[in-house]
Each structure stands twice: as structure tokens, then as C-alpha cells.
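Shown here: my_file_16.cif, mmCIF, C-alpha atoms.
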data_final
loop_
_atom_site.label_atom_id
_atom_site.label_comp_id
_atom_site.auth_asym_id
_atom_site.auth_seq_id
_atom_site.Cartn_x
_atom_site.Cartn_y
_atom_site.Cartn_z
CA PRO A 184 60.48 -57.79 29.36
CA TYR A 185 57.55 -55.94 30.92
CA PRO A 186 54.52 -55.20 28.72
CA ASP A 187 55.45 -51.51 28.55
CA SER A 188 58.01 -49.06 29.95
CA SER A 189 55.59 -47.58 32.50
CA TRP A 190 56.00 -50.72 34.63
CA GLU A 191 59.62 -49.89 35.42
CA SER A 192 58.75 -46.53 36.98
CA PHE A 193 55.45 -47.50 38.59
CA VAL A 194 55.03 -46.59 42.26
CA VAL A 195 52.50 -48.47 44.41
CA PRO A 196 49.86 -45.97 45.65
CA GLU A 197 48.93 -45.43 49.28
CA ARG A 198 45.60 -46.74 50.55
CA PRO A 199 43.71 -47.06 47.23
CA ARG A 200 39.93 -47.26 47.41
CA GLY A 201 37.44 -49.20 45.31
CA GLN A 202 35.27 -52.29 45.01
CA THR A 203 36.43 -54.14 41.88
CA LEU A 204 39.92 -55.64 41.90
CA LYS A 205 41.25 -56.90 38.57
CA ILE A 206 44.41 -58.97 38.20
CA VAL A 207 45.88 -59.15 34.69
CA ILE A 208 48.41 -61.96 34.20
CA TYR A 209 50.92 -61.52 31.39
CA SER A 210 53.30 -64.40 32.04
CA THR A 211 54.00 -67.52 34.08
CA TRP A 212 57.31 -68.70 35.54
CA GLY A 213 57.85 -70.88 32.48
CA ASP A 214 54.87 -73.13 31.87
CA PRO A 215 53.48 -72.35 28.37
CA HIS A 216 50.14 -74.08 28.88
CA TYR A 217 48.68 -73.33 32.33
CA VAL A 218 48.64 -70.54 34.90
CA GLY A 219 47.46 -70.71 38.49
CA LEU A 220 47.32 -69.14 41.94
CA ALA A 221 46.85 -70.74 45.34
CA GLY A 222 45.05 -67.84 46.99
CA LEU A 223 44.49 -64.17 47.68
CA ASP A 224 44.54 -62.32 51.00
CA ILE A 225 42.90 -58.91 50.62
CA PHE A 226 43.10 -56.61 53.65
CA ASP A 227 41.39 -53.31 54.31
CA ALA A 228 43.19 -50.35 55.88
CA ASP A 229 42.27 -51.58 59.37
CA GLY A 230 43.94 -54.93 58.74
CA ALA A 231 40.69 -56.89 58.37
CA LEU A 232 40.65 -59.75 55.86
CA LEU A 233 38.07 -59.14 53.14
CA THR A 234 36.18 -62.13 51.76
CA PRO A 235 33.36 -61.78 49.21
CA SER A 236 30.06 -63.07 50.57
CA ASP A 237 29.36 -65.07 47.38
CA PRO A 238 32.73 -66.16 45.94
CA GLU A 239 31.23 -68.21 43.11
CA THR A 240 29.75 -65.06 41.52
CA GLN A 241 32.12 -62.40 42.89
CA VAL A 242 35.41 -64.09 41.95
CA THR A 243 35.70 -64.77 38.22
CA ALA A 244 38.44 -65.40 35.69
CA GLU A 245 38.93 -65.36 31.94
CA PRO A 246 39.49 -68.12 30.98
CA ALA A 247 37.54 -69.34 33.99
CA SER A 248 39.49 -72.54 34.69
CA VAL A 249 40.78 -75.71 33.05
CA ASN A 250 37.14 -76.79 32.78
CA VAL A 251 36.90 -74.78 29.53
CA LEU A 252 39.22 -77.34 27.90
CA GLU A 253 38.01 -80.44 26.14
CA GLY A 254 38.22 -83.46 28.41
CA TYR A 255 37.80 -81.49 31.64
CA ASN A 256 34.56 -81.42 33.57
CA GLY A 257 34.16 -80.78 37.26
CA ASP A 258 37.80 -79.96 37.97
CA PRO A 259 37.86 -78.29 41.41
CA ARG A 260 40.50 -75.67 40.54
CA THR A 261 38.04 -72.81 40.00
CA PRO A 262 38.48 -69.08 40.78
CA ASP A 263 36.30 -69.06 43.90
CA LYS A 264 39.00 -71.16 45.61
CA LEU A 265 41.25 -68.09 45.63
CA VAL A 266 39.36 -66.68 48.61
CA ASP A 267 38.55 -69.88 50.53
CA GLY A 268 41.21 -69.08 53.13
CA VAL A 269 43.38 -72.13 52.40
CA ASN A 270 46.44 -70.60 50.75
CA LEU A 271 49.52 -72.45 51.96
CA THR A 272 48.55 -75.59 50.08
CA SER A 273 49.30 -78.04 47.29
CA ASP A 274 45.75 -79.43 47.36
CA ASP A 275 43.77 -79.16 44.10
CA LEU A 276 40.64 -78.50 46.15
CA HIS A 277 41.98 -75.08 47.22
CA VAL A 278 43.70 -73.57 44.14
CA TRP A 279 42.82 -72.06 40.76
CA LEU A 280 44.23 -73.20 37.41
CA ALA A 281 43.42 -72.00 33.89
CA PRO A 282 44.75 -72.38 30.33
CA PHE A 283 47.50 -69.95 29.35
CA ASP A 284 48.65 -68.87 25.89
CA PRO A 285 52.09 -67.17 25.75
CA SER A 286 51.84 -66.39 22.04
CA PRO A 287 52.45 -62.75 21.01
CA GLY A 288 49.12 -61.00 20.71
CA ALA A 289 47.25 -63.52 22.87
CA ALA A 290 44.92 -62.00 25.44
CA PRO A 291 46.27 -62.07 29.01
CA VAL A 292 44.52 -64.15 31.64
CA THR A 293 42.46 -62.09 34.10
CA VAL A 294 41.01 -62.60 37.57
CA THR A 295 38.32 -60.22 38.86
CA VAL A 296 37.25 -59.91 42.49
CA THR A 297 34.17 -57.81 43.27
CA LEU A 298 34.15 -56.95 46.96
CA ASP A 299 30.90 -56.53 48.88
CA GLU A 300 31.35 -52.76 49.07
CA PRO A 301 33.95 -50.08 48.26
CA VAL A 302 36.88 -50.27 50.68
CA THR A 303 40.27 -48.70 51.33
CA LEU A 304 42.97 -51.34 50.93
CA GLY A 305 45.95 -51.85 53.20
CA MET A 306 47.57 -54.86 51.54
CA ILE A 307 47.08 -57.66 49.03
CA ARG A 308 48.96 -60.94 49.35
CA LEU A 309 49.13 -63.20 46.31
CA TRP A 310 49.87 -66.86 47.03
CA ASN A 311 51.47 -68.41 43.97
CA TYR A 312 50.71 -71.85 42.56
CA ASN A 313 52.65 -74.29 44.73
CA LYS A 314 51.50 -77.83 43.93
CA SER A 315 55.03 -79.24 43.40
CA ARG A 316 58.45 -78.06 42.29
CA ILE A 317 57.73 -78.69 38.59
CA HIS A 318 54.15 -77.42 38.74
CA SER A 319 55.25 -74.22 40.51
CA TYR A 320 56.28 -73.00 37.03
CA ARG A 321 52.58 -72.52 36.40
CA GLY A 322 52.59 -69.67 38.92
CA VAL A 323 52.00 -66.09 37.83
CA ARG A 324 55.02 -63.91 37.12
CA ARG A 325 54.34 -60.51 35.51
CA VAL A 326 51.09 -59.09 36.85
CA GLU A 327 49.14 -55.85 36.77
CA MET A 328 46.41 -55.07 39.30
CA THR A 329 43.78 -52.36 39.14
CA LEU A 330 41.21 -51.21 41.70
CA ALA A 331 38.18 -49.34 40.36
CA GLY A 332 40.07 -49.05 37.07
CA GLU A 333 43.16 -47.43 38.59
CA ARG A 334 46.48 -49.26 38.50
CA ILE A 335 47.68 -50.26 41.97
CA PHE A 336 50.44 -52.72 41.05
CA ALA A 337 52.57 -53.59 38.04
CA GLY A 338 55.51 -55.93 38.46
CA GLU A 339 56.81 -59.41 39.12
CA VAL A 340 55.40 -61.87 41.64
CA CYS A 341 57.78 -64.31 43.32
CA LYS A 342 57.80 -67.94 42.23
CA ALA A 343 56.57 -70.44 44.81
CA PRO A 344 59.16 -73.02 45.91
CA GLY A 345 56.97 -76.07 45.29
CA VAL A 346 57.10 -77.18 48.94
CA LEU A 347 54.91 -76.26 51.90
CA SER A 348 57.73 -75.66 54.38
CA GLU A 349 58.74 -72.33 52.80
CA ALA A 350 55.56 -70.30 53.20
CA VAL A 351 57.17 -66.87 53.00
CA SER A 352 58.61 -67.76 49.60
CA ALA A 353 55.18 -68.77 48.32
CA ALA A 354 53.54 -65.37 48.73
CA GLU A 355 54.00 -61.83 47.40
CA CYS A 356 52.80 -58.91 49.52
CA VAL A 357 51.74 -55.63 47.92
CA LEU A 358 51.69 -53.08 50.73
CA PHE A 359 49.53 -49.95 50.52
CA ASP A 360 49.85 -48.81 54.15
CA SER A 361 53.21 -48.81 55.93
CA SER A 362 52.03 -47.24 59.18
CA ASP A 363 53.12 -48.91 62.41
CA THR A 364 49.48 -49.56 63.31
CA PHE A 365 48.78 -51.44 60.08
CA LEU A 366 52.03 -53.41 60.18
CA ALA A 367 51.24 -54.50 63.74
CA ALA A 368 47.78 -55.66 62.61
CA MET A 369 49.39 -57.76 59.86
CA ASP A 370 51.85 -59.29 62.30
CA ARG A 371 48.97 -60.33 64.55
CA PHE A 372 47.05 -61.83 61.61
CA ASP A 373 50.04 -63.83 60.39
CA ALA A 374 50.94 -65.06 63.87
CA THR A 375 47.41 -66.46 64.16
CA HIS A 376 46.84 -67.78 60.64
CA TYR A 377 50.36 -68.86 59.68
CA PRO A 378 52.02 -69.73 63.02
CA GLN A 379 54.43 -72.19 61.39
CA THR A 380 56.12 -69.23 59.68
CA ARG A 381 56.12 -67.08 62.83
CA ALA A 382 55.08 -63.84 61.09
CA PHE A 383 55.72 -62.70 57.57
CA GLY A 384 56.15 -59.10 58.50
CA ALA A 385 53.66 -57.08 56.50
CA ALA A 386 56.15 -56.47 53.73
CA GLY A 387 57.05 -60.15 53.50
CA GLY A 388 56.89 -62.31 50.43
CA GLY A 389 59.27 -62.46 47.53
CA GLY A 390 59.85 -58.74 47.17
CA GLY A 391 59.18 -58.46 43.47
CA GLY A 392 60.92 -61.34 41.85
CA GLY A 393 63.39 -64.09 42.41
CA GLY A 394 63.04 -67.76 41.80
CA GLU A 395 64.27 -69.77 38.90
CA SER A 396 63.65 -68.86 35.32
CA GLY A 397 61.36 -71.06 33.31
CA GLY A 398 63.54 -73.32 31.14
CA GLU A 399 62.43 -75.28 28.13
CA MET A 400 59.03 -76.89 28.44
CA PRO A 401 57.55 -79.70 26.33
CA HIS A 402 55.53 -78.82 23.23
CA GLY A 403 51.79 -79.43 23.13
CA ARG A 404 49.42 -78.83 26.01
CA PRO A 405 49.87 -81.75 28.47
CA ARG A 406 47.27 -82.99 30.89
CA THR A 407 47.51 -80.89 34.05
CA ALA A 408 48.86 -83.80 36.09
CA GLU A 409 51.62 -84.78 33.62
CA LYS A 410 55.13 -84.87 35.01
CA SER A 411 58.39 -84.01 33.27
CA PRO A 412 60.63 -87.10 32.82
CA LEU A 413 63.65 -84.88 33.41
CA LEU A 414 62.68 -83.87 36.94
CA PRO A 415 61.89 -85.78 40.13
CA PRO A 416 58.19 -86.59 40.53
CA PRO A 417 56.10 -84.23 42.70
CA PRO A 418 54.65 -85.42 46.02
CA PRO A 419 51.54 -87.62 45.71
CA PRO A 420 48.38 -85.55 45.06
CA LEU A 421 46.03 -85.06 47.95
CA LEU A 422 42.96 -85.91 45.89
CA LEU A 423 41.71 -89.47 46.33
#
Take the structure in the file and write it out as C-alpha cells.
Amino acid sequence: PYPDSSWESFVVPERPRGQTLKIVIYSTWGDPHYVGLAGLDIFDADGALLTPSDPETQVTAEPASVNVLEGYNGDPRTPDKLVDGVNLTSDDLHVWLAPFDPSPGAAPVTVTVTLDEPVTLGMIRLWNYNKSRIHSYRGVRRVEMTLAGERIFAGEVCKAPGVLSEAVSAAECVLFDSSDTFLAAMDRFDATHYPQTRAFGAAGGGGGGGGESGGEMPHGRPRTAEKSPLLPPPPPPLLL
């Protein structure tokens, strides 16, 4: 279920304006221990990609990353990686991962992006966690986003497929401007940056859901690289 009934009737606003984007994550696609994202594309109303000038201070999360856990130190999966421009990836060097607690009453995980200046948004694309088929269950599912304190999205984000050949299925687009001019700008961006997918179409992505439901997961927080004995192993990690 959604956190409250207002989610079911929520309508995405047109061209919201602000500087501080907050993403509140209420659930994963089934993993009870970790939650992650592969990246964020934030576009202004002219179709320009917005990247904070100092990601290490302007992109934060609570909890910050798996480095808050005992036994972790120097793990690269930190929130600044969400805006490093490498989104269609299974590489730990380019994703964010944090502890997640699904218990009733537990605080949701949050990601906050402070842009360099107030802007009018045209679209946000969330790239879900896509390290492998089993680890894709760590991806975000039910999410609320606010800009300058005003809600701009409340709904479900599509589950990544766990493979890199299905890029469109790995991303959820939240569209704030459906004008022909803006859609054409998004087509040009995607044709340049994601040529292997042709173009998403500006309203591409999972369309608010889909994917498999989470299934029973093992008890006790595993190490982030642990594999389920019931499923085929993921591809070898890219870290050496």
C-alpha cells in the first residue's frame, strides 16, 4: 500500500520551480536490508542536464551510505555518484547504496539534491539499482519527491531488470513539460547519451510500476555482495 491515500489521486505538476530536490524512499522492490539507485538525470525546462557543481556537499542522503554500517569503510557507493553521469551501469563505482529498514515506524531513507540555483524543471529520470538480477531488488519502489518543499511526485518507480541491455526498463521518467519543444530536446539528449537504446522518448521508463514483486528474502542483514543460493549468481563485479 501507499503511505497515504493522497498518493492515489496525486497529479504531477507542470514545470515546478525550486532549488532543493528531496527524494523520500518508502520501500524497495523486496530487499529488506539495502536500498540503492544508479543515478539521477535532472533536466531544466530547456532540456539542459543539471549537475551540482560540488556533488560531495550538494548531494546527500540519510542514511548516507553503507559506510555507516560496522565493517564498512571507504565503500564507493556514496550519494555523489548519483549525478556522476554514469547511470546505465552495474559498477559499484557509479551507484549509491544505503541501509534500509522496512519495519513499521522506521524513518524512510532520503536523498537530497541542492542545485546551484533555483530552476524550473522539465523532467527527472531516476535510474534504479541494476547491479544484477538478484541485487535489483534493492532498487527503490515507492517514492515521494518534493521541490522547495512542494510535492512533485508520489508513486512507484519501475524495477530495474538486472541487466544492461534493457536500459529503458532501468529508468523511470517523471515528466513536468510535455510540450513538443521539450520532448524533442529530450529525444536529442537520449540519442546522444544513450545511443544503444535509440531514444527513450521523454516519457520513457517504466511508467509507474511493473517488475516482479519482492519475494521472501533471508533474515539478518547480509554483506552487500552476498548472493542468494536459490538464484543464479550475478555477473562478476567490475571492481578489481
Can you spell out as an mmCIF file with C-alpha atoms, in the frame of the given file the set of residues that the PyMOL selection byres ((chain A and resi 288-304) around 7) selects in the structure I just provided?
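Below is the file expr_11.cif, written as the result:
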data_model
loop_
_atom_site.group_PDB
_atom_site.id
_atom_site.type_symbol
_atom_site.label_atom_id
_atom_site.label_comp_id
_atom_site.auth_asym_id
_atom_site.auth_seq_id
_atom_site.Cartn_x
_atom_site.Cartn_y
_atom_site.Cartn_z
ATOM 1 C CA ARG A 198 45.600 -46.740 50.550
ATOM 2 C CA PRO A 199 43.710 -47.060 47.230
ATOM 3 C CA ARG A 200 39.930 -47.260 47.410
ATOM 4 C CA GLY A 201 37.440 -49.200 45.310
ATOM 5 C CA GLN A 202 35.270 -52.290 45.010
ATOM 6 C CA THR A 203 36.430 -54.140 41.880
ATOM 7 C CA LEU A 204 39.920 -55.640 41.900
ATOM 8 C CA LYS A 205 41.250 -56.900 38.570
ATOM 9 C CA ILE A 206 44.410 -58.970 38.200
ATOM 10 C CA VAL A 207 45.880 -59.150 34.690
ATOM 11 C CA ILE A 208 48.410 -61.960 34.200
ATOM 12 C CA TYR A 209 50.920 -61.520 31.390
ATOM 13 C CA PHE A 226 43.100 -56.610 53.650
ATOM 14 C CA ASP A 227 41.390 -53.310 54.310
ATOM 15 C CA ALA A 228 43.190 -50.350 55.880
ATOM 16 C CA PRO A 235 33.360 -61.780 49.210
ATOM 17 C CA SER A 236 30.060 -63.070 50.570
ATOM 18 C CA GLN A 241 32.120 -62.400 42.890
ATOM 19 C CA VAL A 242 35.410 -64.090 41.950
ATOM 20 C CA THR A 243 35.700 -64.770 38.220
ATOM 21 C CA ALA A 244 38.440 -65.400 35.690
ATOM 22 C CA GLU A 245 38.930 -65.360 31.940
ATOM 23 C CA PRO A 246 39.490 -68.120 30.980
ATOM 24 C CA PHE A 283 47.500 -69.950 29.350
ATOM 25 C CA ASP A 284 48.650 -68.870 25.890
ATOM 26 C CA PRO A 285 52.090 -67.170 25.750
ATOM 27 C CA SER A 286 51.840 -66.390 22.040
ATOM 28 C CA PRO A 287 52.450 -62.750 21.010
ATOM 29 C CA GLY A 305 45.950 -51.850 53.200
ATOM 30 C CA MET A 306 47.570 -54.860 51.540
ATOM 31 C CA PHE A 359 49.530 -49.950 50.520
#
Length of the CA of Gly219 (chain A) to CA of Val323 (chain A) vector [Å]: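 Separation of CA of Gly219 (chain A) and CA of Val323 (chain A): 6.5 Å.
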Separation of CA of Ile307 (chain A) from CA of Tyr185 (chain A) in Å: 21.0 Å
Region 342-347 of chain A surroundings by all atoms listed in the file, 7 Å radius, close-in-sequence under 6 positions cut, as a list in words: Trp212, Leu271, Thr272, Asn311, Tyr312, Asn313, Lys314, Ser315, Arg316, Ser319, Gly322, Ala353, Gly393 and Gly394 of chain A
Best match for closeness to Arg371 (chain A) among A:Gly338, A:Asn270, A:Gly230, A:His318, counting all atoms listed in the file: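 Of A:Gly338, A:Asn270, A:Gly230, A:His318, the one nearest Arg371 (chain A) is A:Gly230, counting all atoms listed in the file.
What separates CA of Val269 (chain A) from CA of Asp229 (chain A) is a distance of 21.7 Å.
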Result set, the PyMOL selection byres ((chain A and resi 309) around 9) on current file, as a ChimeraX atom specification: /A:220-225,307-308,310-311,340,353-357,388
Picked residues, the PyMOL selection byres ((chain A and resi 252) around 12), as a list in words: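 Applying the PyMOL selection byres ((chain A and resi 252) around 12) to the structure shown produces His216, Tyr217, Pro246, Ala247, Ser248, Val249, Asn250, Val251, Glu253, Gly254, Tyr255, Asn256, Gly257, Asp258, Leu280, Ala281, Pro282, Phe283, Arg404, Pro405, Arg406 and Thr407 of chain A.
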Which residue of A:Arg324, A:Gly213, A:Ile335, A:Ile317 approaches Leu358 (chain A) most closely, using all atoms listed in the file: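 Checking each candidate against Leu358 (chain A), we get A:Ile335 as the closest.
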Nearest to Trp190 (chain A) by atom-to-atom distance, counting only C-alpha atoms, from A:Asp363, A:Glu327, A:Asp237, A:Asp370: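 With only C-alpha atoms as the atom set, the closest residue is A:Glu327.
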For a quick check of your reading of the model, name the residues lying within 12 Å of the coordinate (45.5, -46.7, 35.5), counting only C-alpha atoms, and write them as a CSV table (one decimal) with C-alpha atoms, in the coordinates of the input.
chain,number,residue,atom,x,y,z
A,189,SER,CA,55.6,-47.6,32.5
A,190,TRP,CA,56.0,-50.7,34.6
A,193,PHE,CA,55.4,-47.5,38.6
A,194,VAL,CA,55.0,-46.6,42.3
A,195,VAL,CA,52.5,-48.5,44.4
A,196,PRO,CA,49.9,-46.0,45.6
A,199,PRO,CA,43.7,-47.1,47.2
A,205,LYS,CA,41.2,-56.9,38.6
A,327,GLU,CA,49.1,-55.8,36.8
A,328,MET,CA,46.4,-55.1,39.3
A,329,THR,CA,43.8,-52.4,39.1
A,330,LEU,CA,41.2,-51.2,41.7
A,331,ALA,CA,38.2,-49.3,40.4
A,332,GLY,CA,40.1,-49.0,37.1
A,333,GLU,CA,43.2,-47.4,38.6
A,334,ARG,CA,46.5,-49.3,38.5
A,335,ILE,CA,47.7,-50.3,42.0
A,336,PHE,CA,50.4,-52.7,41.0
A,337,ALA,CA,52.6,-53.6,38.0
Restore N, CA and C atoms in region 346-366 of chain A and list the result as an mmCIF file, keeping the file's coordinate frame.
data_model
loop_
_atom_site.group_PDB
_atom_site.id
_atom_site.type_symbol
_atom_site.label_atom_id
_atom_site.label_comp_id
_atom_site.auth_asym_id
_atom_site.auth_seq_id
_atom_site.Cartn_x
_atom_site.Cartn_y
_atom_site.Cartn_z
ATOM 1 N N VAL A 346 57.189 -76.433 47.690
ATOM 2 C CA VAL A 346 57.100 -77.180 48.940
ATOM 3 C C VAL A 346 56.334 -76.333 49.945
ATOM 4 N N LEU A 347 55.748 -76.979 50.947
ATOM 5 C CA LEU A 347 54.910 -76.260 51.900
ATOM 6 C C LEU A 347 55.676 -75.739 53.103
ATOM 7 N N SER A 348 56.961 -76.076 53.214
ATOM 8 C CA SER A 348 57.730 -75.660 54.380
ATOM 9 C C SER A 348 58.303 -74.254 54.232
ATOM 10 N N GLU A 349 58.164 -73.652 53.056
ATOM 11 C CA GLU A 349 58.740 -72.330 52.800
ATOM 12 C C GLU A 349 57.622 -71.339 52.478
ATOM 13 N N ALA A 350 56.753 -71.095 53.445
ATOM 14 C CA ALA A 350 55.560 -70.300 53.200
ATOM 15 C C ALA A 350 55.867 -68.879 52.749
ATOM 16 N N VAL A 351 56.857 -68.251 53.349
ATOM 17 C CA VAL A 351 57.170 -66.870 53.000
ATOM 18 C C VAL A 351 57.537 -66.756 51.535
ATOM 19 N N SER A 352 58.204 -67.787 50.999
ATOM 20 C CA SER A 352 58.610 -67.760 49.600
ATOM 21 C C SER A 352 57.452 -68.020 48.655
ATOM 22 N N ALA A 353 56.313 -68.441 49.165
ATOM 23 C CA ALA A 353 55.180 -68.770 48.320
ATOM 24 C C ALA A 353 54.229 -67.605 48.126
ATOM 25 N N ALA A 354 54.484 -66.480 48.774
ATOM 26 C CA ALA A 354 53.540 -65.370 48.730
ATOM 27 C C ALA A 354 54.239 -64.054 48.436
ATOM 28 N N GLU A 355 53.527 -63.183 47.730
ATOM 29 C CA GLU A 355 54.000 -61.830 47.400
ATOM 30 C C GLU A 355 53.065 -60.835 48.039
ATOM 31 N N CYS A 356 53.611 -59.930 48.856
ATOM 32 C CA CYS A 356 52.800 -58.910 49.520
ATOM 33 C C CYS A 356 52.924 -57.580 48.798
ATOM 34 N N VAL A 357 51.786 -56.974 48.490
ATOM 35 C CA VAL A 357 51.740 -55.630 47.920
ATOM 36 C C VAL A 357 51.178 -54.718 48.997
ATOM 37 N N LEU A 358 52.021 -53.877 49.547
ATOM 38 C CA LEU A 358 51.690 -53.080 50.730
ATOM 39 C C LEU A 358 51.240 -51.678 50.327
ATOM 40 N N PHE A 359 50.066 -51.279 50.807
ATOM 41 C CA PHE A 359 49.530 -49.950 50.520
ATOM 42 C C PHE A 359 49.545 -49.031 51.747
ATOM 43 N N ASP A 360 49.840 -49.584 52.907
ATOM 44 C CA ASP A 360 49.850 -48.810 54.150
ATOM 45 C C ASP A 360 51.034 -49.294 54.987
ATOM 46 N N SER A 361 52.010 -48.428 55.186
ATOM 47 C CA SER A 361 53.210 -48.810 55.930
ATOM 48 C C SER A 361 53.235 -48.226 57.341
ATOM 49 N N SER A 362 52.084 -47.788 57.826
ATOM 50 C CA SER A 362 52.030 -47.240 59.180
ATOM 51 C C SER A 362 52.314 -48.326 60.196
ATOM 52 N N ASP A 363 52.833 -47.948 61.347
ATOM 53 C CA ASP A 363 53.120 -48.910 62.410
ATOM 54 C C ASP A 363 51.860 -49.655 62.845
ATOM 55 N N THR A 364 50.734 -48.941 62.875
ATOM 56 C CA THR A 364 49.480 -49.560 63.310
ATOM 57 C C THR A 364 49.078 -50.673 62.354
ATOM 58 N N PHE A 365 49.170 -50.411 61.050
ATOM 59 C CA PHE A 365 48.780 -51.440 60.080
ATOM 60 C C PHE A 365 49.751 -52.610 60.087
ATOM 61 N N LEU A 366 51.044 -52.328 60.160
ATOM 62 C CA LEU A 366 52.030 -53.410 60.180
ATOM 63 C C LEU A 366 51.841 -54.304 61.400
#
